[in-house]
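**Q** Sharing final_20.txt below, compact mmCIF, C-alpha atoms:
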# COMPACT_ATOMS: atom_id res chain seq x y z
CA MET A 11 30.47 93.73 130.15
CA PHE A 12 28.87 97.17 130.40
CA ARG A 13 30.68 97.96 133.65
CA THR A 14 33.96 96.61 132.32
CA LYS A 15 33.88 98.88 129.27
CA ARG A 16 32.90 101.91 131.33
CA SER A 17 35.64 101.21 133.87
CA GLY A 18 38.14 100.78 131.05
CA LEU A 19 37.19 104.17 129.58
CA VAL A 20 37.54 105.82 132.98
CA ARG A 21 40.99 104.27 133.52
CA ARG A 22 42.15 105.40 130.07
CA LEU A 23 40.90 108.91 130.77
CA TRP A 24 42.74 109.09 134.08
CA ARG A 25 45.96 107.94 132.42
CA SER A 26 45.49 110.74 129.85
CA ARG A 27 45.13 113.51 132.44
CA ALA A 28 47.33 116.59 132.14
CA PRO A 29 50.67 115.93 133.88
CA VAL A 30 51.89 118.20 136.63
CA GLU A 31 55.37 118.95 137.94
CA GLY A 32 56.92 115.72 139.13
CA ASP A 33 55.06 113.43 136.73
CA GLY A 34 58.12 113.21 134.49
CA GLU A 35 56.30 114.68 131.48
CA LEU A 36 55.15 118.24 131.97
CA ASP A 37 52.60 119.20 129.33
CA ARG A 38 53.74 122.37 127.58
CA GLY A 39 50.13 123.40 127.49
CA THR A 40 50.13 123.93 131.25
CA HIS A 41 52.67 126.74 130.97
CA GLY A 42 52.10 130.41 130.69
CA SER A 43 49.50 131.38 133.22
CA GLY A 44 51.93 133.99 134.54
CA GLY A 45 51.41 136.16 131.47
CA CYS A 46 52.00 135.20 127.87
CA CYS A 47 53.87 138.24 126.72
CA MET A 48 56.42 137.96 129.51
CA GLY A 49 57.13 134.37 128.69
CA LYS A 50 56.76 133.21 132.27
CA THR A 51 55.84 129.67 133.11
CA THR A 52 53.86 128.50 136.09
CA LYS A 53 54.99 125.18 137.44
CA VAL A 54 52.34 123.27 139.27
CA ALA A 55 53.82 121.40 142.17
CA LYS A 56 52.93 117.74 142.27
CA SER A 57 50.31 117.27 144.92
CA ASN A 58 50.99 115.06 147.89
CA ALA A 59 49.88 111.46 147.91
CA GLY A 60 46.75 112.23 149.92
CA SER A 61 45.36 114.95 147.65
CA GLU A 62 46.37 113.00 144.54
CA ALA A 63 44.40 109.99 145.79
CA GLU A 64 41.47 112.25 146.65
CA LEU A 65 41.49 113.83 143.19
CA LYS A 66 41.68 110.42 141.54
CA ALA A 67 38.77 109.06 143.60
CA LEU A 68 36.67 112.16 142.88
CA THR A 69 37.42 112.12 139.15
CA HIS A 70 36.64 108.41 138.89
CA SER A 71 33.40 108.92 140.80
CA ILE A 72 32.26 111.73 138.48
CA LEU A 73 33.32 110.01 135.26
CA LYS A 74 31.46 106.83 136.20
CA LYS A 75 28.23 108.85 136.34
CA ILE A 76 28.67 110.08 132.76
CA LYS A 77 27.05 108.18 129.92
CA GLU A 78 29.27 105.75 128.05
CA LYS A 79 28.96 107.61 124.72
CA GLN A 80 29.92 110.84 126.45
CA LEU A 81 32.98 109.14 127.95
CA GLU A 82 33.99 108.08 124.45
CA VAL A 83 33.64 111.68 123.25
CA LEU A 84 35.79 112.92 126.12
CA LEU A 85 38.40 110.22 125.53
CA GLN A 86 38.59 111.05 121.82
CA ALA A 87 39.21 114.72 122.60
CA VAL A 88 41.75 114.05 125.35
CA GLU A 89 43.79 111.34 123.64
CA SER A 90 44.03 113.30 120.38
CA LYS A 91 44.91 116.47 122.33
CA GLY A 92 42.22 118.32 120.41
CA GLY A 93 43.50 117.15 117.02
CA ALA A 94 40.43 115.06 116.20
CA ARG A 95 37.10 116.80 115.82
CA SER A 96 34.93 115.98 118.80
CA PRO A 97 31.37 117.07 119.61
CA CYS A 98 30.28 119.01 122.66
CA LEU A 99 30.14 117.21 126.00
CA LEU A 100 26.97 118.67 127.50
CA LEU A 101 26.75 118.11 131.26
CA PRO A 102 24.96 119.82 134.17
CA SER A 103 26.72 123.06 135.03
CA LYS A 104 25.62 123.24 138.67
CA VAL A 105 27.29 120.05 139.88
CA ASP A 106 30.08 120.96 142.30
CA ALA A 107 33.11 118.89 143.25
CA LYS A 108 35.34 119.42 146.25
CA VAL A 109 39.06 118.66 146.45
CA GLY A 110 40.40 119.42 149.91
CA GLN A 111 39.11 122.87 150.81
CA GLN A 112 38.54 123.88 147.19
CA SER A 113 35.19 123.56 145.42
CA TYR A 114 35.00 123.39 141.63
CA SER A 115 32.16 123.26 139.15
CA LEU A 116 32.05 120.11 137.03
CA PRO A 117 33.41 121.91 133.91
CA MET A 118 36.26 123.48 135.90
CA LEU A 119 37.24 120.14 137.39
CA LEU A 120 37.44 118.49 133.95
CA TYR A 121 39.41 121.44 132.54
CA LYS A 122 41.90 121.20 135.42
CA VAL A 123 42.28 117.44 135.24
CA PHE A 124 42.64 117.17 131.45
CA ARG A 125 44.15 120.52 130.34
CA TRP A 126 45.42 122.97 132.94
CA PRO A 127 46.20 121.80 136.50
CA ASP A 128 47.03 125.42 137.45
CA LEU A 129 43.63 126.76 136.34
CA ARG A 130 42.05 128.87 139.09
CA HIS A 131 38.96 130.59 137.72
CA SER A 132 36.63 130.41 134.73
CA SER A 133 37.53 134.03 133.87
CA GLU A 134 40.87 132.68 132.61
CA LEU A 135 39.10 130.73 129.87
CA LYS A 136 37.76 131.47 126.40
CA ARG A 137 35.37 129.17 124.59
CA LEU A 138 36.43 128.27 121.05
CA SER A 139 34.19 128.90 118.05
CA CYS A 140 34.04 125.15 117.30
CA CYS A 141 31.88 124.69 120.42
CA GLU A 142 28.09 124.61 120.02
CA SER A 143 27.84 126.53 123.29
CA TYR A 144 29.90 129.39 121.81
CA GLY A 145 28.06 132.65 122.41
CA LYS A 146 25.16 130.91 124.14
CA ILE A 147 24.11 130.76 127.76
CA ASN A 148 22.34 127.63 128.98
CA PRO A 149 21.88 127.60 132.76
CA GLU A 150 21.20 123.87 132.79
CA LEU A 151 23.80 122.31 130.48
CA VAL A 152 27.26 123.47 129.52
CA CYS A 153 29.91 121.98 127.25
CA CYS A 154 32.65 120.34 129.33
CA ASN A 155 34.85 119.24 126.43
CA PRO A 156 38.30 120.44 127.58
CA HIS A 157 39.44 120.96 123.98
CA HIS A 158 36.54 123.29 123.22
CA MET A 159 38.23 125.80 125.56
CA SER A 160 41.41 127.86 125.53
CA ARG A 161 43.26 129.90 128.11
CA LEU A 162 43.22 133.66 127.73
CA CYS A 163 46.58 135.27 127.15
CA GLU A 164 46.59 138.20 129.56
CA LEU A 165 48.83 141.07 128.53
CA GLU A 166 50.87 142.54 131.33
CA SER A 167 51.48 146.25 131.74
CA PRO A 168 54.06 147.63 131.52
CA PRO A 169 55.78 145.09 129.28
CA PRO A 170 59.42 144.14 129.89
CA PRO A 171 61.86 146.54 128.25
CA TYR A 172 64.02 143.78 126.80
CA SER A 173 61.21 142.53 124.58
CA ARG A 174 60.52 145.86 122.96
CA TYR A 175 62.27 147.39 120.00
CA PRO A 176 61.93 150.76 118.26
CA MET A 177 59.51 151.40 115.44
CA ASP A 178 62.42 152.53 113.29
CA TYR A 179 63.72 148.98 113.14
CA LEU A 180 60.48 147.32 112.18
CA LYS A 181 61.04 147.47 108.43
CA PRO A 182 64.75 147.09 107.66
CA PRO A 183 65.90 147.11 104.02
CA GLY A 184 65.20 143.73 102.51
CA ASP A 185 62.57 142.77 105.10
CA PRO A 186 60.06 140.71 103.08
CA SER A 187 57.10 142.26 104.85
CA SER A 188 57.97 145.53 103.08
CA LEU A 189 57.34 143.84 99.74
CA PHE A 190 53.56 144.06 100.13
CA PRO A 191 51.29 144.84 98.46
CA SER A 192 52.15 142.03 96.05
CA SER A 193 50.52 141.34 92.73
CA ASP A 194 48.76 138.39 94.39
CA SER A 195 47.15 140.53 97.07
CA LEU A 196 46.07 143.22 94.61
CA ALA A 197 44.59 140.58 92.32
CA LEU A 198 42.60 139.15 95.21
CA GLN A 199 41.23 142.59 96.06
CA GLU A 200 40.33 143.47 92.48
CA SER A 201 38.97 140.10 91.37
CA GLY A 202 35.30 139.17 91.46
CA GLU A 203 35.85 136.43 94.05
CA ARG A 204 33.69 136.19 97.14
CA ALA A 205 34.87 138.82 99.60
CA HIS A 206 37.75 137.70 101.80
CA TRP A 207 38.42 139.19 105.23
CA CYS A 208 42.12 138.40 105.17
CA VAL A 209 44.87 136.67 103.21
CA VAL A 210 47.70 134.64 104.72
CA ALA A 211 51.28 134.45 103.44
CA TYR A 212 53.66 131.73 104.64
CA TRP A 213 57.37 132.53 104.80
CA GLU A 214 60.54 130.58 105.48
CA GLU A 215 63.09 133.18 106.49
CA LYS A 216 63.14 135.71 103.61
CA THR A 217 61.39 133.47 101.08
CA ARG A 218 57.65 133.24 100.63
CA VAL A 219 56.45 129.68 100.05
CA GLY A 220 53.30 129.15 98.00
CA ARG A 221 50.68 131.70 97.04
CA LEU A 222 48.60 133.89 99.29
CA TYR A 223 45.78 131.97 100.97
CA SER A 224 42.47 133.86 100.76
CA VAL A 225 40.17 133.44 103.76
CA GLN A 226 36.39 133.74 103.43
CA GLU A 227 35.19 131.49 106.28
CA PRO A 228 35.02 132.91 109.83
CA SER A 229 37.57 130.38 111.11
CA LEU A 230 40.74 128.97 109.55
CA ASP A 231 43.10 126.21 110.70
CA ILE A 232 46.73 126.74 109.67
CA PHE A 233 48.72 123.58 110.33
CA TYR A 234 51.49 121.25 109.23
CA ASP A 235 49.95 117.96 110.33
CA LEU A 236 46.41 117.87 111.73
CA PRO A 237 44.11 114.82 111.81
CA GLN A 238 40.97 115.63 109.85
CA GLY A 239 42.59 118.96 109.03
CA ASN A 240 40.66 121.36 106.83
CA GLY A 241 42.27 124.69 105.97
CA PHE A 242 45.73 125.95 105.09
CA CYS A 243 48.06 122.92 105.22
CA LEU A 244 51.68 124.09 105.28
CA GLY A 245 52.86 120.50 104.96
CA GLN A 246 51.53 120.36 101.40
CA LEU A 247 53.53 123.37 100.22
CA CYS A 248 56.60 122.68 98.13
CA SER A 249 59.58 124.22 99.93
CA GLU A 250 63.08 124.32 98.45
CA ASN A 251 64.63 125.39 101.74
CA LYS A 252 67.14 122.73 102.85
CA SER A 253 68.03 124.39 106.15
CA GLN A 254 67.93 121.87 109.01
CA LEU A 255 66.50 124.54 111.33
CA VAL A 256 63.65 125.33 108.92
CA GLN A 257 62.85 121.66 108.50
CA MET A 258 62.93 121.09 112.27
CA VAL A 259 60.59 124.02 112.95
CA ARG A 260 58.23 122.97 110.13
CA ALA A 261 57.89 119.56 111.78
CA LYS A 262 57.11 121.24 115.13
CA ILE A 263 54.23 123.31 113.74
CA GLY A 264 52.00 120.24 114.17
CA TYR A 265 48.38 121.27 114.78
CA GLY A 266 49.41 124.89 114.23
CA ILE A 267 47.03 127.73 114.98
CA GLN A 268 43.38 128.61 114.55
CA LEU A 269 42.55 132.05 113.19
CA THR A 270 39.01 133.21 114.02
CA ARG A 271 37.14 136.37 113.07
CA GLU A 272 34.84 137.38 115.91
CA PRO A 273 32.67 140.47 116.59
CA ASP A 274 35.39 142.19 118.64
CA GLY A 275 38.38 141.28 116.50
CA VAL A 276 40.53 138.44 115.22
CA TRP A 277 41.67 135.79 117.69
CA VAL A 278 44.59 133.38 117.38
CA TYR A 279 44.50 130.06 119.25
CA ASN A 280 47.75 128.14 119.60
CA ARG A 281 46.90 124.47 118.94
CA SER A 282 50.51 123.33 118.65
CA CYS A 283 52.83 121.92 121.33
CA TYR A 284 55.23 124.87 121.14
CA PRO A 285 54.97 128.65 121.69
CA ILE A 286 54.13 131.05 118.90
CA PHE A 287 55.18 134.70 118.74
CA ILE A 288 52.91 137.52 117.57
CA LYS A 289 53.42 141.17 116.66
CA SER A 290 50.40 143.37 116.12
CA ALA A 291 50.01 147.12 116.53
CA THR A 292 46.63 146.67 118.25
CA LEU A 293 48.26 144.65 121.05
CA ASP A 294 50.16 147.74 122.15
CA ASN A 295 49.43 151.16 123.56
CA PRO A 296 48.31 153.40 120.64
CA ASP A 297 50.67 156.15 121.83
CA SER A 298 53.69 153.86 122.05
CA ARG A 299 56.63 154.34 119.71
CA THR A 300 57.58 150.68 120.07
CA LEU A 301 55.89 147.34 119.49
CA LEU A 302 56.03 144.24 121.63
CA VAL A 303 56.43 140.67 120.40
CA HIS A 304 54.03 138.53 122.42
CA LYS A 305 54.80 134.93 123.34
CA VAL A 306 51.69 132.73 123.30
CA PHE A 307 51.93 129.31 124.90
CA PRO A 308 50.18 126.13 123.73
CA GLY A 309 46.48 126.07 124.58
CA PHE A 310 46.27 129.87 124.87
CA SER A 311 44.28 132.39 122.82
CA ILE A 312 45.08 136.03 122.15
CA LYS A 313 43.12 138.80 120.43
CA ALA A 314 45.70 139.48 117.76
CA PHE A 315 43.73 142.20 116.01
CA ASP A 316 41.28 144.53 117.74
CA TYR A 317 38.81 146.31 115.45
CA ASP A 318 38.19 149.25 117.78
CA LYS A 319 41.89 149.89 118.39
CA ALA A 320 42.63 149.55 114.69
CA GLY A 321 40.39 152.52 113.95
CA THR A 322 42.45 154.77 116.23
CA LEU A 323 45.69 153.68 114.57
CA GLN A 324 44.82 154.79 111.03
CA ARG A 325 46.79 158.01 111.20
CA PRO A 326 49.03 159.42 108.45
CA ASN A 327 52.08 159.51 110.73
CA ASP A 328 51.80 155.87 111.83
CA HIS A 329 54.93 154.18 110.52
CA GLU A 330 53.36 150.73 110.66
CA PHE A 331 50.53 151.58 108.29
CA THR A 332 52.01 154.16 105.93
CA GLN A 333 54.35 151.41 104.81
CA GLN A 334 51.39 149.31 103.58
CA PRO A 335 48.70 151.72 102.32
CA ARG A 336 46.93 149.20 100.08
CA THR A 337 46.93 146.08 102.22
CA GLY A 338 45.93 147.86 105.41
CA PHE A 339 46.69 146.05 108.65
CA THR A 340 48.92 143.04 109.18
CA VAL A 341 49.78 140.63 111.98
CA GLN A 342 53.03 138.65 112.01
CA ILE A 343 53.21 135.21 113.63
CA SER A 344 56.34 133.08 114.05
CA PHE A 345 56.25 129.40 114.95
CA VAL A 346 58.55 128.17 117.75
CA LYS A 347 61.21 130.88 117.37
CA GLY A 348 60.88 134.45 118.61
CA TRP A 349 62.49 137.66 117.41
CA GLY A 350 63.34 141.07 118.81
CA GLN A 351 65.91 142.44 121.22
CA CYS A 352 65.66 139.52 123.64
CA TYR A 353 66.50 137.02 120.90
CA THR A 354 69.38 136.52 118.50
CA ARG A 355 66.98 137.19 115.62
CA GLN A 356 66.23 140.90 115.44
CA PHE A 357 63.69 140.67 112.60
CA ILE A 358 60.96 138.21 111.75
CA SER A 359 62.57 137.64 108.35
CA SER A 360 65.27 135.72 110.25
CA CYS A 361 62.72 133.33 111.75
CA PRO A 362 62.56 129.84 110.17
CA CYS A 363 58.77 129.62 109.68
CA TRP A 364 56.34 132.49 109.98
CA LEU A 365 53.05 133.93 108.74
CA GLU A 366 51.86 137.33 107.63
CA VAL A 367 48.11 137.84 108.05
CA ILE A 368 46.95 140.73 105.86
CA PHE A 369 43.51 142.10 106.67
CA ASN A 370 41.12 143.37 104.07
CA THR A 371 39.86 146.73 105.35
CA ARG A 372 37.55 147.41 102.40
Any chance you could put this one into structure tokens?

**A**
Amino acid sequence: MFRTKRSGLVRRLWRSRAPVEGDGELDRGTHGSGGCCMGKTTKVAKSNAGSEAELKALTHSILKKIKEKQLEVLLQAVESKGGARSPCLLLPSKVDAKVGQQSYSLPMLLYKVFRWPDLRHSSELKRLSCCESYGKINPELVCCNPHHMSRLCELESPPPPYSRYPMDYLKPPGDPSSLFPSSDSLALQESGERAHWCVVAYWEEKTRVGRLYSVQEPSLDIFYDLPQGNGFCLGQLCSENKSQLVQMVRAKIGYGIQLTREPDGVWVYNRSCYPIFIKSATLDNPDSRTLLVHKVFPGFSIKAFDYDKAGTLQRPNDHEFTQQPRTGFTVQISFVKGWGQCYTRQFISSCPCWLEVIFNTR
């Protein structure tokens, strides 16, 4: 009975592995290793029958050596695609596995099998704050939970000209982002509430839906439908927008994003099944007269707000910040639909569902 249950868990895990090109269902989360801001996708060619059989045999062999409770943890994480909260999967870090001529550490093999078949090196990864191993170094054991990791969104330089647009067009008349600071945001700053590090506004096209969401905790989930979700649930907001496009995009937000304040800045992790688009002045060259909208694929993280760079941008002649003297710095995030010169939507206020993250610089 013991072996039957273990074997059943292993078979279910193998069936839940990340698909590659040719499997008939390419996981959107495997895209984007060619550079998030350029919107490239890297297709992983389906391996030949020999290497596929070798990978399957190796994965089965390794999984069968893992404790049954740990297999259940891994299965919970993989089958829920990171939606369900799952504990760390602590395994020996020095165990190596070889597929063909390539050798992989045990964590790397599990990350490749269950998240990113095109993953090449651990330097492409960023550990999420939900992981107990976050910020710690244990030479013996390391967390191998694939959904406690994200891929780093590497910014390419120079960026493509078609995805840039001039500063002068950032704040057109009637753009809702020019309405800040609102009475809500000023009230939050002047009230006696526990200090918040940012507030989040949710917009549908030019209409703000709900009140500003004040953030005190280091990490915030913003989602439409997330199992065991705890944070800013957009699905609970009462929207009067009857647009079919808005309703379609709302439904695609799914697990949404995770916003995390870290020592070096604020990171955004795309937990959804679709790309998100981000504009932030600290993602660009400080001397640039234009800003770039960055496309972030599912499973990827990006440092949306850099504290060090932000300090160099607080200049009187900076268009982006003189427009919002009270609320300080902002980051704009659109779900599913992009904007800018390479899209039909020139301004974020034309996007169906988007967020404005307003940082408290006091």

**Q** Of the candidates A:His131, A:Leu73, A:Arg260, A:Cys154, which shows the shortest atom-to-atom distance to A:Ser103, using all atoms listed in the file?

**A** A:Cys154

**Q** May I ask for the distance between atom CA of A:Ile288 and atom CA of A:Leu255, given in Å to one decimal place?

**A** 19.8 Å

**Q** Counting only C-alpha atoms, write as a PyMOL selection string all protein and nucleic acid residues lying at most 7 Å from (35.4, 104.4, 138.7) in the file's frame.

**A** chain A and resi 17+20+70-71+73-74

**Q** Between atom CA of A:Asn240 and atom CA of A:Trp126, measure the distance and give it in Å to one decimal.

**A**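 Interatomic distance, atom CA of A:Asn240 to atom CA of A:Trp126: 26.6 Å.
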
**Q** If you measure from atom CA of A:Gly245 to atom CA of A:Ile312, what distance in Å do you get, rounded to one decimal?

**A**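 We find that atom CA of A:Gly245 and atom CA of A:Ile312 lie 24.4 Å from each other.
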
**Q** Give me the residues within 12 Å of A:Ser113 as number ranges by chain, counting only C-alpha atoms and dropping any in the same chain fewer than 3 places off.

**A** A: 65, 68, 104-110, 116-119, 130-131

**Q** For stretch 314-322 of chain A, please output as a ChimeraX atom specification all residues within 6 Å (counting only C-alpha atoms; exclusion window: fewer than 4 positions along the same chain).

**A** /A:275-277,292

**Q** So that I can see what lies close to A:Ala94, please list as a PyMOL selection string the residues with an atom at most 9 Å from it, counting all atoms listed in the file and leaving out residues fewer than 3 positions away in the same chain.

**A** chain A and resi 86-87+89-91+236-239

**Q** Between A:Ser224, A:Ser311, A:Ser133, A:Ser282, which is the closest to A:Ile368 once you count all atoms listed in the file?

**A**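 So, comparing all the options, the nearest one is A:Ser224.
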
**Q** Measuring between all atoms listed in the file, which one of A:Trp24, A:Phe287, A:Tyr144, A:Phe310 shows the shortest distance to A:Arg161?

**A** A:Phe310

**Q** Would you kindly place N, CA, C and O atoms on stretch 224-243 of chain A and return the model as a PDB file, in the coordinates of the input?

**A**
ATOM      1  N   SER A 224      43.607 132.964 100.535  1.00  0.00           N
ATOM      2  CA  SER A 224      42.470 133.860 100.760  1.00  0.00           C
ATOM      3  C   SER A 224      41.479 133.218 101.723  1.00  0.00           C
ATOM      4  O   SER A 224      41.122 132.048 101.571  1.00  0.00           O
ATOM      5  N   VAL A 225      41.037 133.977 102.709  1.00  0.00           N
ATOM      6  CA  VAL A 225      40.170 133.440 103.760  1.00  0.00           C
ATOM      7  C   VAL A 225      38.785 134.086 103.687  1.00  0.00           C
ATOM      8  O   VAL A 225      38.658 135.304 103.845  1.00  0.00           O
ATOM      9  N   GLN A 226      37.779 133.264 103.439  1.00  0.00           N
ATOM     10  CA  GLN A 226      36.390 133.740 103.430  1.00  0.00           C
ATOM     11  C   GLN A 226      35.602 133.256 104.657  1.00  0.00           C
ATOM     12  O   GLN A 226      34.718 133.947 105.138  1.00  0.00           O
ATOM     13  N   GLU A 227      35.922 132.053 105.144  1.00  0.00           N
ATOM     14  CA  GLU A 227      35.190 131.490 106.280  1.00  0.00           C
ATOM     15  C   GLU A 227      35.586 132.207 107.571  1.00  0.00           C
ATOM     16  O   GLU A 227      36.702 132.724 107.695  1.00  0.00           O
ATOM     17  N   PRO A 228      34.702 132.204 108.576  1.00  0.00           N
ATOM     18  CA  PRO A 228      35.020 132.910 109.830  1.00  0.00           C
ATOM     19  C   PRO A 228      36.207 132.326 110.581  1.00  0.00           C
ATOM     20  O   PRO A 228      36.859 133.021 111.341  1.00  0.00           O
ATOM     21  N   SER A 229      36.488 131.027 110.372  1.00  0.00           N
ATOM     22  CA  SER A 229      37.570 130.380 111.110  1.00  0.00           C
ATOM     23  C   SER A 229      38.467 129.609 110.154  1.00  0.00           C
ATOM     24  O   SER A 229      37.992 128.990 109.200  1.00  0.00           O
ATOM     25  N   LEU A 230      39.778 129.656 110.411  1.00  0.00           N
ATOM     26  CA  LEU A 230      40.740 128.970 109.550  1.00  0.00           C
ATOM     27  C   LEU A 230      41.779 128.250 110.395  1.00  0.00           C
ATOM     28  O   LEU A 230      42.380 128.841 111.297  1.00  0.00           O
ATOM     29  N   ASP A 231      41.998 126.963 110.097  1.00  0.00           N
ATOM     30  CA  ASP A 231      43.100 126.210 110.700  1.00  0.00           C
ATOM     31  C   ASP A 231      44.317 126.333 109.793  1.00  0.00           C
ATOM     32  O   ASP A 231      44.229 126.103 108.579  1.00  0.00           O
ATOM     33  N   ILE A 232      45.455 126.682 110.384  1.00  0.00           N
ATOM     34  CA  ILE A 232      46.730 126.740 109.670  1.00  0.00           C
ATOM     35  C   ILE A 232      47.647 125.748 110.360  1.00  0.00           C
ATOM     36  O   ILE A 232      47.983 125.928 111.533  1.00  0.00           O
ATOM     37  N   PHE A 233      48.055 124.692 109.662  1.00  0.00           N
ATOM     38  CA  PHE A 233      48.720 123.580 110.330  1.00  0.00           C
ATOM     39  C   PHE A 233      49.725 122.912 109.400  1.00  0.00           C
ATOM     40  O   PHE A 233      49.735 123.136 108.187  1.00  0.00           O
ATOM     41  N   TYR A 234      50.560 122.075 110.001  1.00  0.00           N
ATOM     42  CA  TYR A 234      51.490 121.250 109.230  1.00  0.00           C
ATOM     43  C   TYR A 234      50.959 119.823 109.143  1.00  0.00           C
ATOM     44  O   TYR A 234      50.993 119.190 108.105  1.00  0.00           O
ATOM     45  N   ASP A 235      50.472 119.318 110.280  1.00  0.00           N
ATOM     46  CA  ASP A 235      49.950 117.960 110.330  1.00  0.00           C
ATOM     47  C   ASP A 235      48.815 117.913 111.340  1.00  0.00           C
ATOM     48  O   ASP A 235      49.058 117.958 112.545  1.00  0.00           O
ATOM     49  N   LEU A 236      47.588 117.855 110.861  1.00  0.00           N
ATOM     50  CA  LEU A 236      46.410 117.870 111.730  1.00  0.00           C
ATOM     51  C   LEU A 236      45.440 116.789 111.286  1.00  0.00           C
ATOM     52  O   LEU A 236      44.988 116.794 110.140  1.00  0.00           O
ATOM     53  N   PRO A 237      45.106 115.830 112.176  1.00  0.00           N
ATOM     54  CA  PRO A 237      44.110 114.820 111.810  1.00  0.00           C
ATOM     55  C   PRO A 237      42.791 115.487 111.428  1.00  0.00           C
ATOM     56  O   PRO A 237      42.334 116.400 112.104  1.00  0.00           O
ATOM     57  N   GLN A 238      42.217 115.059 110.341  1.00  0.00           N
ATOM     58  CA  GLN A 238      40.970 115.630 109.850  1.00  0.00           C
ATOM     59  C   GLN A 238      41.117 117.127 109.575  1.00  0.00           C
ATOM     60  O   GLN A 238      40.161 117.888 109.680  1.00  0.00           O
ATOM     61  N   GLY A 239      42.332 117.547 109.246  1.00  0.00           N
ATOM     62  CA  GLY A 239      42.590 118.960 109.030  1.00  0.00           C
ATOM     63  C   GLY A 239      41.885 119.507 107.803  1.00  0.00           C
ATOM     64  O   GLY A 239      41.823 118.859 106.765  1.00  0.00           O
ATOM     65  N   ASN A 240      41.347 120.701 107.935  1.00  0.00           N
ATOM     66  CA  ASN A 240      40.660 121.360 106.830  1.00  0.00           C
ATOM     67  C   ASN A 240      41.012 122.841 106.882  1.00  0.00           C
ATOM     68  O   ASN A 240      40.564 123.560 107.764  1.00  0.00           O
ATOM     69  N   GLY A 241      41.842 123.291 105.950  1.00  0.00           N
ATOM     70  CA  GLY A 241      42.270 124.690 105.970  1.00  0.00           C
ATOM     71  C   GLY A 241      43.554 124.854 105.194  1.00  0.00           C
ATOM     72  O   GLY A 241      43.736 124.281 104.116  1.00  0.00           O
ATOM     73  N   PHE A 242      44.466 125.636 105.730  1.00  0.00           N
ATOM     74  CA  PHE A 242      45.730 125.950 105.090  1.00  0.00           C
ATOM     75  C   PHE A 242      46.788 124.976 105.606  1.00  0.00           C
ATOM     76  O   PHE A 242      47.308 125.135 106.712  1.00  0.00           O
ATOM     77  N   CYS A 243      47.093 123.946 104.816  1.00  0.00           N
ATOM     78  CA  CYS A 243      48.060 122.920 105.220  1.00  0.00           C
ATOM     79  C   CYS A 243      49.447 123.301 104.730  1.00  0.00           C
ATOM     80  O   CYS A 243      49.737 123.228 103.526  1.00  0.00           O
TER      81      CYS A 243
END
